[in-house]
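target_29.txt (compact mmCIF, C-alpha atoms and all ligand atoms) appears below.
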```txt
# COMPACT_ATOMS: atom_id res chain seq x y z
CA MET A 1 -9.07 12.78 -73.96
CA LYS A 2 -12.45 14.18 -74.75
CA PHE A 3 -12.63 17.99 -75.01
CA LEU A 4 -15.85 19.85 -74.24
CA LYS A 5 -16.38 23.54 -74.92
CA PHE A 6 -18.93 25.65 -73.04
CA ASN A 7 -20.09 29.17 -73.81
CA ASN A 8 -18.97 30.58 -70.48
CA SER A 9 -17.30 29.67 -67.18
CA HIS A 10 -20.64 29.22 -65.44
CA LEU A 11 -21.86 26.59 -67.91
CA ALA A 12 -18.50 24.80 -67.79
CA SER A 13 -18.63 24.74 -63.98
CA GLU A 14 -22.26 23.64 -64.04
CA PHE A 15 -21.18 20.61 -66.09
CA VAL A 16 -18.42 19.76 -63.58
CA LYS A 17 -20.87 20.13 -60.70
CA GLU A 18 -23.34 17.80 -62.43
CA GLN A 19 -20.66 15.16 -62.96
CA ILE A 20 -19.70 15.27 -59.28
CA ILE A 21 -23.32 14.99 -58.18
CA LYS A 22 -23.94 12.13 -60.59
CA GLN A 23 -20.89 10.35 -59.16
CA ILE A 24 -22.10 10.77 -55.56
CA LYS A 25 -25.65 9.69 -56.38
CA THR A 26 -24.47 6.60 -58.26
CA LYS A 27 -22.05 5.68 -55.47
CA PRO A 28 -22.73 7.45 -52.14
CA GLU A 29 -19.39 6.26 -50.72
CA SER A 30 -17.45 7.77 -53.63
CA ILE A 31 -13.81 8.75 -53.31
CA LEU A 32 -13.23 12.13 -54.94
CA GLY A 33 -9.91 13.70 -55.85
CA LEU A 34 -10.15 17.49 -55.56
CA ALA A 35 -8.24 20.54 -56.75
CA THR A 36 -7.90 24.03 -55.33
CA GLY A 37 -7.04 27.28 -57.14
CA SER A 38 -9.27 29.84 -58.78
CA THR A 39 -10.72 27.52 -61.43
CA PRO A 40 -12.89 25.12 -59.37
CA ILE A 41 -14.35 27.85 -57.13
CA ILE A 42 -17.51 28.28 -59.23
CA SER A 43 -18.06 24.50 -59.32
CA TYR A 44 -17.69 24.32 -55.52
CA ASN A 45 -20.13 27.22 -55.10
CA LEU A 46 -22.61 25.37 -57.28
CA LEU A 47 -22.17 22.22 -55.20
CA VAL A 48 -22.92 24.23 -52.07
CA GLN A 49 -26.05 25.67 -53.69
CA ASP A 50 -27.08 22.17 -54.72
CA PHE A 51 -26.64 20.96 -51.14
CA GLN A 52 -28.78 23.80 -49.80
CA LYS A 53 -31.49 23.10 -52.34
CA ASN A 54 -31.43 19.34 -52.90
CA LYS A 55 -29.61 18.02 -49.82
CA THR A 56 -27.31 15.80 -51.87
CA ASN A 57 -25.83 13.44 -49.33
CA TRP A 58 -22.06 13.77 -48.83
CA SER A 59 -21.98 11.88 -45.51
CA LYS A 60 -20.23 8.82 -46.93
CA VAL A 61 -18.01 10.62 -49.44
CA LYS A 62 -14.25 10.73 -48.89
CA THR A 63 -12.02 13.32 -50.55
CA PHE A 64 -8.32 13.48 -51.31
CA ASN A 65 -6.94 16.85 -52.31
CA LEU A 66 -4.18 16.99 -54.88
CA ASP A 67 -1.77 19.13 -52.97
CA GLU A 68 -0.92 21.28 -49.98
CA TYR A 69 1.70 23.95 -49.41
CA ILE A 70 4.59 23.11 -47.12
CA GLY A 71 5.18 25.73 -44.44
CA LEU A 72 1.70 27.20 -44.05
CA PRO A 73 -0.25 26.14 -40.98
CA THR A 74 -3.54 24.46 -41.93
CA ASN A 75 -5.50 27.38 -40.45
CA HIS A 76 -3.64 29.86 -42.70
CA ILE A 77 -6.12 31.55 -45.03
CA GLN A 78 -4.06 30.50 -48.08
CA SER A 79 -3.56 26.87 -47.05
CA TYR A 80 -5.43 24.47 -49.26
CA ARG A 81 -7.12 22.95 -46.21
CA TYR A 82 -8.53 26.38 -45.38
CA PHE A 83 -9.58 26.87 -49.02
CA MET A 84 -11.48 23.59 -49.15
CA ASN A 85 -13.15 24.07 -45.76
CA ASP A 86 -14.14 27.59 -46.72
CA ASN A 87 -15.34 26.91 -50.28
CA LEU A 88 -16.93 23.51 -49.83
CA PHE A 89 -16.51 21.29 -46.77
CA ASN A 90 -17.97 23.73 -44.20
CA HIS A 91 -21.15 24.05 -46.25
CA ILE A 92 -22.07 20.40 -46.99
CA ASN A 93 -22.65 17.38 -44.77
CA ILE A 94 -19.27 15.74 -45.39
CA ASP A 95 -17.48 14.25 -42.37
CA ILE A 96 -14.40 16.48 -42.09
CA ASN A 97 -12.41 13.43 -40.89
CA ASN A 98 -12.97 11.95 -44.34
CA THR A 99 -11.23 14.84 -46.10
CA TYR A 100 -7.53 14.26 -46.69
CA PHE A 101 -4.52 16.30 -47.78
CA PRO A 102 -1.00 15.07 -48.43
CA ASN A 103 1.46 15.81 -45.64
CA SER A 104 4.72 14.60 -44.13
CA LYS A 105 2.92 12.12 -41.90
CA ASN A 106 0.69 10.21 -44.28
CA ASP A 107 1.56 7.66 -46.94
CA TYR A 108 -0.94 9.28 -49.26
CA ASP A 109 -0.93 6.84 -52.17
CA LYS A 110 -1.30 3.87 -49.79
CA LEU A 111 -4.12 5.66 -48.00
CA ILE A 112 -5.94 6.30 -51.29
CA GLU A 113 -5.42 2.68 -52.33
CA LYS A 114 -6.70 1.44 -48.97
CA GLU A 115 -9.91 3.42 -49.48
CA GLY A 116 -10.41 1.74 -52.87
CA GLY A 117 -8.87 4.37 -55.16
CA ILE A 118 -10.20 7.64 -56.52
CA ASP A 119 -13.46 7.30 -58.45
CA LEU A 120 -13.44 10.81 -59.89
CA GLN A 121 -10.46 13.14 -59.97
CA ILE A 122 -11.02 16.86 -60.56
CA LEU A 123 -8.03 18.76 -61.94
CA GLY A 124 -7.11 22.31 -62.80
CA ILE A 125 -4.07 23.09 -64.94
CA GLY A 126 -1.22 25.59 -64.65
CA THR A 127 -0.25 27.67 -67.69
CA ASN A 128 2.98 25.63 -67.77
CA GLY A 129 0.94 22.42 -67.95
CA HIS A 130 1.30 21.39 -64.32
CA ILE A 131 -1.45 19.22 -62.85
CA GLY A 132 -1.44 19.01 -59.09
CA PHE A 133 1.97 20.54 -58.44
CA ASN A 134 3.68 18.25 -60.91
CA GLU A 135 5.85 20.85 -62.51
CA PRO A 136 7.71 20.34 -65.83
CA GLY A 137 10.23 17.53 -65.42
CA SER A 138 7.84 15.37 -63.37
CA LYS A 139 8.01 11.68 -64.15
CA LEU A 140 5.10 9.59 -65.32
CA THR A 141 5.87 7.22 -62.45
CA SER A 142 5.79 9.97 -59.80
CA LEU A 143 3.80 9.38 -56.63
CA THR A 144 2.88 11.79 -53.82
CA ARG A 145 5.98 13.63 -52.68
CA ALA A 146 7.39 16.99 -51.67
CA VAL A 147 7.98 19.13 -54.75
CA ASP A 148 9.61 22.47 -55.52
CA LEU A 149 7.31 25.00 -57.16
CA VAL A 150 8.82 26.72 -60.18
CA GLU A 151 9.23 30.50 -60.30
CA GLN A 152 6.33 30.95 -62.74
CA THR A 153 3.90 29.10 -60.44
CA ILE A 154 5.06 31.09 -57.41
CA LYS A 155 4.63 34.35 -59.33
CA ILE A 156 1.14 33.45 -60.60
CA ASN A 157 0.00 32.29 -57.16
CA ALA A 158 1.50 35.42 -55.56
CA ASP A 159 -0.54 37.61 -57.92
CA LYS A 160 -3.74 35.62 -57.48
CA PHE A 161 -3.70 34.82 -53.80
CA PHE A 162 -0.89 36.64 -51.92
CA ASN A 163 -1.37 40.26 -53.04
CA GLY A 164 1.54 39.94 -55.43
CA ASN A 165 4.01 39.27 -52.60
CA ILE A 166 6.27 36.46 -53.84
CA SER A 167 8.05 36.17 -50.49
CA LEU A 168 4.80 35.01 -48.85
CA VAL A 169 4.26 32.09 -51.24
CA PRO A 170 5.74 28.79 -50.05
CA ASN A 171 8.18 27.36 -52.58
CA LYS A 172 7.45 23.76 -51.69
CA ALA A 173 4.32 21.65 -51.56
CA PHE A 174 3.23 18.08 -51.19
CA SER A 175 1.61 16.91 -54.39
CA MET A 176 0.09 13.75 -55.69
CA GLY A 177 2.25 12.48 -58.53
CA LEU A 178 1.35 11.87 -62.15
CA ALA A 179 1.03 8.14 -61.45
CA SER A 180 -1.21 8.90 -58.43
CA ILE A 181 -3.47 11.01 -60.69
CA LEU A 182 -3.55 8.46 -63.50
CA ALA A 183 -4.66 5.78 -61.01
CA ALA A 184 -8.07 7.54 -60.71
CA LYS A 185 -10.93 5.78 -62.46
CA LYS A 186 -12.22 8.96 -64.14
CA ILE A 187 -10.63 12.38 -64.57
CA ILE A 188 -12.19 15.76 -65.31
CA LEU A 189 -9.84 18.67 -65.96
CA ILE A 190 -11.32 22.13 -65.98
CA ALA A 191 -9.72 25.19 -67.57
CA LEU A 192 -11.26 28.66 -67.75
CA GLY A 193 -10.27 31.96 -69.31
CA ASN A 194 -7.99 33.28 -71.99
CA SER A 195 -4.79 32.83 -69.95
CA LYS A 196 -5.17 29.04 -70.39
CA LYS A 197 -5.80 29.14 -74.16
CA GLU A 198 -2.23 28.36 -75.23
CA THR A 199 -2.02 25.57 -72.66
CA MET A 200 -5.26 24.05 -73.94
CA GLN A 201 -3.99 24.29 -77.50
CA LYS A 202 -0.92 22.31 -76.47
CA LEU A 203 -2.99 19.73 -74.62
CA PHE A 204 -5.32 19.37 -77.59
CA LYS A 205 -2.36 18.53 -79.82
CA THR A 206 -0.80 16.09 -77.38
CA LYS A 207 -0.02 12.71 -78.89
CA GLU A 208 2.41 11.37 -76.30
CA PHE A 209 3.74 12.06 -72.82
CA ASN A 210 6.30 14.85 -72.61
CA SER A 211 7.61 15.53 -69.10
CA ASN A 212 8.10 19.21 -70.00
CA PHE A 213 4.32 19.46 -70.26
CA PRO A 214 3.05 17.32 -67.37
CA ALA A 215 -0.65 17.42 -68.34
CA SER A 216 0.32 15.41 -71.42
CA ALA A 217 0.34 12.42 -69.01
CA LEU A 218 -3.44 12.44 -69.38
CA ILE A 219 -3.04 10.93 -72.84
CA LYS A 220 -2.26 7.67 -70.99
CA HIS A 221 -5.69 7.52 -69.32
CA LYS A 222 -8.83 6.06 -70.86
CA ASP A 223 -11.48 8.26 -69.25
CA VAL A 224 -10.51 11.94 -69.27
CA ILE A 225 -12.82 14.85 -69.99
CA ILE A 226 -11.30 18.28 -70.56
CA VAL A 227 -13.82 21.03 -69.84
CA CYS A 228 -13.09 24.46 -71.35
CA ASP A 229 -14.98 27.69 -71.60
CA LYS A 230 -15.08 29.55 -74.91
CA GLU A 231 -12.11 31.72 -73.97
CA CYS A 232 -9.62 28.93 -73.49
CA ALA A 233 -11.04 26.33 -75.89
CA PRO A 234 -8.41 25.22 -78.41
CA ASP A 235 -8.85 26.22 -82.05
CA GLY A 236 -10.27 23.34 -84.02
CA LEU A 237 -12.47 22.03 -81.20
C1 LIG B 301 -4.33 23.14 -57.17
C2 LIG B 301 -3.60 22.51 -58.26
C3 LIG B 301 -3.01 23.31 -59.37
C4 LIG B 301 -4.02 24.29 -59.98
C5 LIG B 301 -3.36 25.11 -61.08
C6 LIG B 301 -4.33 26.09 -61.70
O1 LIG B 301 -4.80 22.17 -56.27
O2 LIG B 301 -3.42 21.33 -58.23
O3 LIG B 301 -2.55 22.45 -60.37
O4 LIG B 301 -5.09 23.56 -60.49
O5 LIG B 301 -2.25 25.79 -60.58
O6 LIG B 301 -4.68 27.04 -60.76
P1 LIG B 301 -5.84 28.11 -61.05
O7 LIG B 301 -7.11 27.36 -61.05
O8 LIG B 301 -5.74 29.07 -59.90
O9 LIG B 301 -5.52 28.71 -62.37
```

Conversion result in structure tokens:
Amino acid sequence: MKFLKFNNSHLASEFVKEQIIKQIKTKPESILGLATGSTPIISYNLLVQDFQKNKTNWSKVKTFNLDEYIGLPTNHIQSYRYFMNDNLFNHINIDINNTYFPNSKNDYDKLIEKEGGIDLQILGIGTNGHIGFNEPGSKLTSLTRAVDLVEQTIKINADKFFNGNISLVPNKAFSMGLASILAAKKIILIALGNSKKETMQKLFKTKEFNSNFPASALIKHKDVIIVCDKECAPDGL
């Protein structure tokens, strides 16, 4: 795991944007793994700006999102499909039929494999160390499946996205597993802000996989970049 520290969230997101663009330019038919949540929003905005300015060609790109809530219709404003359409897909020339989310009908890992595997996986991280919705206790061998969200995740997502109303947040989601994530050729995890500092400190010290801290699975992968802003960068970096 290679840790990079940037002076602010904009510069960190700029780096992530550049890596995505480099990937698409090197391989126009790239398969990207994408995350939702508050963290990647600036990177997606920058990708939209890049498209408006430079017309980077997304027409052959395929995307696989990490997760999707169970129980929200896809046109719900808090569904991850809605989030991605709204923050990125509606503003670039991607073929919407080439944008995938896990659901009860697809065999997601097989589908990803059939497309040749994920070239670049973008991740966020929960304060409890979840990646995707692989909550503490997730196995290293886990594949895409329905998962239960833990109370802490529901509470944080309620505060960030559902006006603090816990009862509106689904308690289940489909999520790529830790093994699904580790199958990606390259991984970039982005963390921003002081609330992620302790989590980054823990990740920085990781020497082996510990299922109570799912992001520690990343220690098993050869090509992982952890992007932090100054506020969440671990001490000693
Ligand atoms: C979302 C996802 C989650 C988030 C994590 C951090 O697709 O997979 O793991 O990345 O919950 O969320 P934010 O960015 O809102 O802090």

Closest contacts (stretch 10-108 of chain A/stretch 114-136 of chain A, max 8 Å, all atoms listed in the file) as CSV:
```
residue,atom,partner,partner_atom,distance
A:Ile20,CA,A:Leu120,CA,7.7
A:Gln23,CA,A:Leu120,CA,7.5
A:Ser30,CA,A:Asp119,CA,6.3
A:Ile31,CA,A:Ile118,CA,5.0
A:Leu32,CA,A:Leu120,CA,5.1
A:Gly33,CA,A:Gln121,CA,4.2
A:Leu34,CA,A:Ile122,CA,5.1
A:Ala35,CA,A:Leu123,CA,5.5
A:Thr36,CA,A:Gly124,CA,7.7
A:Gly37,CA,A:Gly124,CA,7.5
A:Thr39,CA,A:Gly124,CA,6.5
A:Pro40,CA,A:Gly124,CA,7.3
A:Leu66,CA,A:Gly132,CA,5.4
A:Asp67,CA,A:Gly132,CA,6.1
```

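We find atom CA of A:Phe162 and atom CA of A:Ser13 to be spaced 24.5 Å apart.
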
Rounded to one decimal place, report the atom CA of A:Asp86-atom CA of A:Leu111 distance in Å.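 That distance, rounded to one decimal, is 24.1 Å.
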
Restricting the calculation to only C-alpha atoms and all ligand atoms: of A:Lys160, A:Lys197, A:Lys172, A:Lys230, which residue gets closest to ligand LIG 301 (chain B)?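 Residue with the minimum atom-to-atom distance to ligand LIG 301 (chain B): A:Lys160.
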
Quick one, how far is atom CA of A:Phe213 from atom CA of A:Ile156?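 We find that atom CA of A:Phe213 and atom CA of A:Ile156 lie 17.3 Å from each other.
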
Could you give me the axis-aligned bounding box of stretch 119-138 of chain A, with 3 Å of padding per side, as centre plus edge lengths in Å to one decimal, as lines of an AutoDock Vina configuration file?
```
center_x = -1.6
center_y = 17.5
center_z = -63.2
size_x = 29.7
size_y = 26.4
size_z = 15.5
```

Exercise: A:Leu203 partners within 8 Å, only C-alpha atoms, chain neighbours under 4 positions left out, as a list in words: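 Here the qualifying residues turn out to be Thr199, Ala215 and Ser216 of chain A.
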
Identify which of the residues A:Asn103, A:Asn97, A:Ser38, A:Asn171 lies closest to A:Glu151, counting all atoms listed in the file when measuring atom-to-atom distances.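 Ranked by minimum distance to A:Glu151, first place goes to A:Asn171.
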
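Near (-14.6, 13.8, -40.0), the residues inside the 12 Å limit, counting all atoms listed in the file, come to Trp58, Ser59, Lys60, Val61, Lys62, Thr63, Asn85, Phe89, Asn90, Asn93, Ile94, Asp95, Ile96, Asn97, Asn98, Thr99 and Tyr100 of chain A.
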
Using only C-alpha atoms and all ligand atoms, can you tell me which of A:Pro214, A:Pro28, A:Gly71, A:Pro170 comes closest to ligand LIG 301 (chain B)? A:Pro214

Quick one: residues within 8 Å of A:Thr56, all atoms listed in the file counted, chain neighbours fewer than 6 positions away excluded, as a ChimeraX atom specification? /A:21,25,50

Distance cut-off 8 Å, centre (6.8, 26.7, -53.5) in file coordinates, counting all atoms listed in the file: which residues qualify? Return them as a short mmCIF file (atom, residue, chain, number, x, y, z; two decimals) with C-alpha atoms, in the frame of the given file.
```cif
data_model
loop_
_atom_site.label_atom_id
_atom_site.label_comp_id
_atom_site.auth_asym_id
_atom_site.auth_seq_id
_atom_site.Cartn_x
_atom_site.Cartn_y
_atom_site.Cartn_z
CA TYR A 69 1.70 23.95 -49.41
CA ILE A 70 4.59 23.11 -47.12
CA VAL A 147 7.98 19.13 -54.75
CA ASP A 148 9.61 22.47 -55.52
CA LEU A 149 7.31 25.00 -57.16
CA VAL A 150 8.82 26.72 -60.18
CA THR A 153 3.90 29.10 -60.44
CA ILE A 154 5.06 31.09 -57.41
CA VAL A 169 4.26 32.09 -51.24
CA PRO A 170 5.74 28.79 -50.05
CA ASN A 171 8.18 27.36 -52.58
CA LYS A 172 7.45 23.76 -51.69
CA ALA A 173 4.32 21.65 -51.56
#
```

Nearest to ligand LIG 301 (chain B) among A:Phe209, A:Tyr108, A:Phe101, A:Phe6, with distances taken over all atoms listed in the file: which residue is it?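 Of A:Phe209, A:Tyr108, A:Phe101, A:Phe6, the one nearest ligand LIG 301 (chain B), counting all atoms listed in the file, is A:Phe101.
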
Tell me which of A:Leu178, A:Val224, A:Leu237, A:Leu140 sits closest to ligand LIG 301 (chain B), counting all atoms listed in the file. A:Leu178

Pick from A:Ser180, A:Asn65, A:Ser195, A:Ser142: nearest to A:Asp229, with only C-alpha atoms counted? A:Ser195

Contacts of A:Val16 within 10 Å, all atoms listed in the file, excl. fewer than 3 positions in-chain, as a ChimeraX atom specification: /A:10-13,19-22,40,42-44,46-47,122,188-190,225,227
